[in-house]
Amino acid sequence: MEVLKEKVEEEEAAEREAEAERAEKGEKVTRPSEVRKEEPTMTPEMLRDLEKQLSDIEIAVPEKPAIVTKDTIDIFKLPWSYRSNTPKEEHLLQVADNFSRQYSHLCPDRVPLFLYPLNECEVPKFVSTTIRPTLMPYPELYNWDSCAQFVADFLAMEALSEPLKPPSHLYSPTTVLKYQRGNCFDFSTLLCSMLIGAGYDAYCINGYGSQDLCLMDLTRELCPLTVKPKKTVQEKEVAPPKKYAVKPPRDLTSRFEQEQEMKKQKEIKAEEEKQLREEVERLQEAENANIDPLHGLRVHSWVLVLSGKREVPESFFIDPFTARSYSTQDNHFLGIESLWNHKNYWVNMQDCWNCCKGKEEEDKSFDMPHSWVEQIEISPEAFETRCPNGKKVIQYKRAKLEKWAPYLNSNGLMCRLSTYEDLECTKILEIKEWYKNREDMLELKQINKVTGLNTDYFKPGHPQALRVHSYMSMQPERERSMEFYGTARGDGLIKREETTTTMTEYYQGRPDFLSHRHVIFGPRVKKFTVNSAESNPRPMVKITERFFRNPAKPADEDVEERVFLILEERIQLRYHCREDHITASKREFLRRMEVDSKGNKIIMTPEMCISFEVEPMEHTKKLLYQYETMIQLKNEEKLSRHQVWESELEVLEILKLLEEEEEAHTLKISIYDTKRNEKSKEYRETMERVMHEEHLRQVEAQLDYLAPFLAQLPPGEKLTRWQAMHLKDECLSDFKQRLIDKANLIQARFEKETQELQKKQQWYQENQVTLTTEDEDLYLSYCSQAMFRIRILEQRLNRHKELAPLKYLALEEKLYKDPRLAELLKVFA
């Protein structure tokens with residue numbers, strides 16, 4: 001739409017220029033103030049006559065050319081620096097040409113240098129001036145790794161048309177960014193421009209690479225996401241042996257069984273090593289069978305980053321296709337012909353028999369012209385989209401990596417990694433999916449296809465503070481594990497494990513020092529209910545609770561473990577152990593209580609409490625203390641059973657919430673994202689519409705269509721009915737003539753464009769055999785632009801024919817309602 005608008009504005013400007021030219025030549029230009037024709041009021045017959053005059057203008061749209069191209073670069077929209085060279089650049093090209101001839105004379109066995117390829121406008125440009133150092137306004141692109149990853153994701157890879165020599169064209173980084181594709185030289189130039197802008201000492205290299213490197217074949221490489229970081233093993237400090245330490249118990253395990261187990265483990269290990277050797281041999285045979293016949297001859301371009309700037313400790317290579325860094329001694333890089341940055345150009349005068357293991361020469365400065373490329377700009381929309389068309393697929397060894405742009409998938413899926421068992425990638429092992437902008441804060445979903453275990457990872461902000469959810473099925477009362485953000489919950493729950501018969505919860509930071517609760521459930525009694533899980537909970541058989549040490553209490557009064565045997569009506573207590581003791585006190589209470597004949601008196605007997613005291617002589621617990629403890633434990637048992645019931649309900653609520661979120665998968669949209677936020681977008685469109693309507697009202701109020709005709713009358717003279725009628729007729733006649741003139745002007749422009757296109761097509765048919773590839777590209781580009789202009793003129797003329805009668809009637813109605821003419825024209829109405 002923006003292009004169409006620009007074309008329309010260009011046509012209107014051309015019309016104004018044509019009128020100005022006619023005025024300069026002395027031709028009469030019809031203006032409202034000069035029209036004095038007297039015509040009667042517009043009648044239906046006259047209106048039909050106007051429509052007929054406009055409809056008589058016929059147009060013939062020429063056929064499209066036989067050959068069409070897509071994504072043709074419109075070179076006429078590019079800046080002047082793209083289409084020409086400055087005197088300094090011309091001098092540089094002469095120096096480069098002289099240097100190239102000397103190099104070819106001194107080194108006849110070497111291939112020609114890659115010095116001044118053609119750009120998108122067929123203009124030769126020195127490669128150093130194609131680099132445009134630019135610092136991107138995004139903090140994510142400040143480091144080399146994220147910068148290289150952006151280039152690798154943003155551009156689509158195109159292999160060199162001739163793998164044995166550099167390309168004939170090197171497009172500007174701005175054009176490469178616009179079309180989002182390029183070869184290795186385009187990748188390197190863009191990446192080098194961004195790295196130099198970020199402060200790195202970066203260079204583009206023209207050299208030779210392996211087949212995998214040149215064709216971006218990663219099927220022999222491991223996916224970086226599958227490589228687990230090495231864990232640093234910390235050696236445990238062995239305490240020095242005590243002089244009077246207790247001797248360890250005698251080892252009574254069978255040596256024969258140990259030997260048999262070791263023998264079995266050796267056999268298993270030997271079998272695994274044998275399978276691994278067979279797999280390596282099979283891969284080696286497959287690689288040897290597919291030896292690259294062009295090994296060492298394939299041209300490739302990559303980026304060199306030297307040490308020194310930006311605290312780079314050691315020089316390294318960057319492959320722009322994959323954004324992976326390599327050592328300068330890596331065997332993927334087989335030779336270097338030349339390298340350059342935005343200031344100078346260097347040629348490798350060494351042979352490449354030892355790959356790229358050469359020595360660096362001292363820098364020699366050169367007065368390089370400024371880059372002819374405009375400043376590199378990446379719009380926020382393009383930076384967010386990253387991949388071409390929003391998606392990119394990379395095939396690795398036994399893995400496939402898929403990437404998507406944000407909001408491209410309705411469920412917020414950003415990345416998917418599929419790992420396989422075989423090299424053919426037919427037997428899938430595991431799937432990892434990364435999400436973003438989810439309302440449920442889902443960040444990662446891990447699916448194990450072998451075991452069927454699903455693991456979901458959530459970012460902070462989930463309504464239930466859920467962090468990790470591992471499950472085999474989403475059905476309730478199945479094996480699952482839930483981990484929570486403990487600081488976000490009031491009860492301090494950090495983990496909950498559930499099976500068909502048990503539930504285990506782990507706590508931290510609670511005021512009652514509860515650390516663990518384990519519940520054993522019995523079989524559910526069958527009831528005819530709608531939702532058995534909520535209205536018919538599982539009966540609890542045993543509840544075990546453990547507590548952290550409370551330093552405010554003595555150890556023999558601080559409970560460490562509390563067990564409620566519900567069916568047996570017993571409660572067991574174990575207290576914390578003193579620092580200088582090896583055993584702890586224990587108590588067991590029987591909940592069977594006797595009552596009197598009235599049923600309101602509880603009798604406590606010594607047999608209802610069995611205790612083991614570590615220090616029985618220090619103090620003796622009286623019967624009253626035991627009674628009060630039992631009453632307190634009874635209440636705490638009710639509270640624990642209620643908390644377990646609430647935990648079961650919470651599990652059901654979380655599962656229901658997860659199912660609803662998985663079905664709806666609503667995405668979060670920032671209020672500042674005006675394109676996706678519907679409320680913000682609607683408000684902005686409403687405000688723009690109101691402002692546009694207000695602007696139209698102001699323009700209409702300022703526009704006086706009767707002013708040129710009223711100026712012809714004596715000032716201060718009152719209008720008569722005949723003068724009012726005469727003014728109306730003059731205004732309508734002038735407007736009608738302007739409508740016809742505009743239609744004729746559009747028709748003339750249309751015919752001119754059509755004739756020029758037909759001449760060009762005839763020229764192409766006559767010289768088609770002798771044309772070069774560059775001539776055909778220019779012809780196709782011209783045809784595409786000419787057809788676009790013809791279509792625009794056709795649409796403008798058709799629209800003018802449709803709207804002209806309506807505009808005429810609207811003006812006539814305005815004249816009859818104009819307060820200066822309304823009263824005088826009532827008689828003629």
# chains A, B, ... in the order shown; residues from 1 in each chain; ligands from 1
>>> select_by_dssp(residues="range 424-545 of chain A", states="alpha helix (DSSP H)", output="list of chain:residue names")
A:Ser532, A:Ala533, A:Glu534, A:Ser535
>>> residues_around(residues="Leu514 in chain A", least_positions_apart="4", cutoff="10 Å", atoms="only C-alpha atoms", output="JSON, numbers by chain")
{"A": [491, 492, 493, 506, 507, 508, 509, 510, 545, 546, 547, 548, 549, 560, 561]}
>>> select_by_dssp(residues="range 280-320 of chain A", states="strand (DSSP E)", output="list in words")
Val299, His300, Ser301, Trp302, Val303, Leu304, Val305, Phe316, Phe317, Ile318 and Asp319 of chain A
>>> residues_around(residues="Val299 in chain A", least_positions_apart="3", cutoff="12 Å", atoms="only C-alpha atoms", output="ChimeraX atom specification")
/A:111,114,159-167,183-185,205-211,213-215,294-296,302,333-338
>>> closest_residue(among="A:Ile376, A:Leu453, A:Val468, A:Met262", to="Pro133 in chain A", atoms="only C-alpha atoms")
A:Ile376
>>> residues_around(residues="range 661-672 of chain A", least_positions_apart="2", cutoff="12 Å", atoms="only C-alpha atoms", output="JSON, numbers by chain")
{"A": [406, 407, 408, 409, 410, 411, 412, 413, 435, 436, 437, 438, 439, 440, 441, 442, 445, 456, 462, 463, 474, 654, 655, 656, 657, 658, 659, 674, 675, 676, 677, 678, 679, 680, 681, 683, 684]}
>>> closest_residue(among="A:Leu624, A:Val519, A:Ala152, A:Ala552", to="Leu565 in chain A", atoms="only C-alpha atoms")
A:Val519
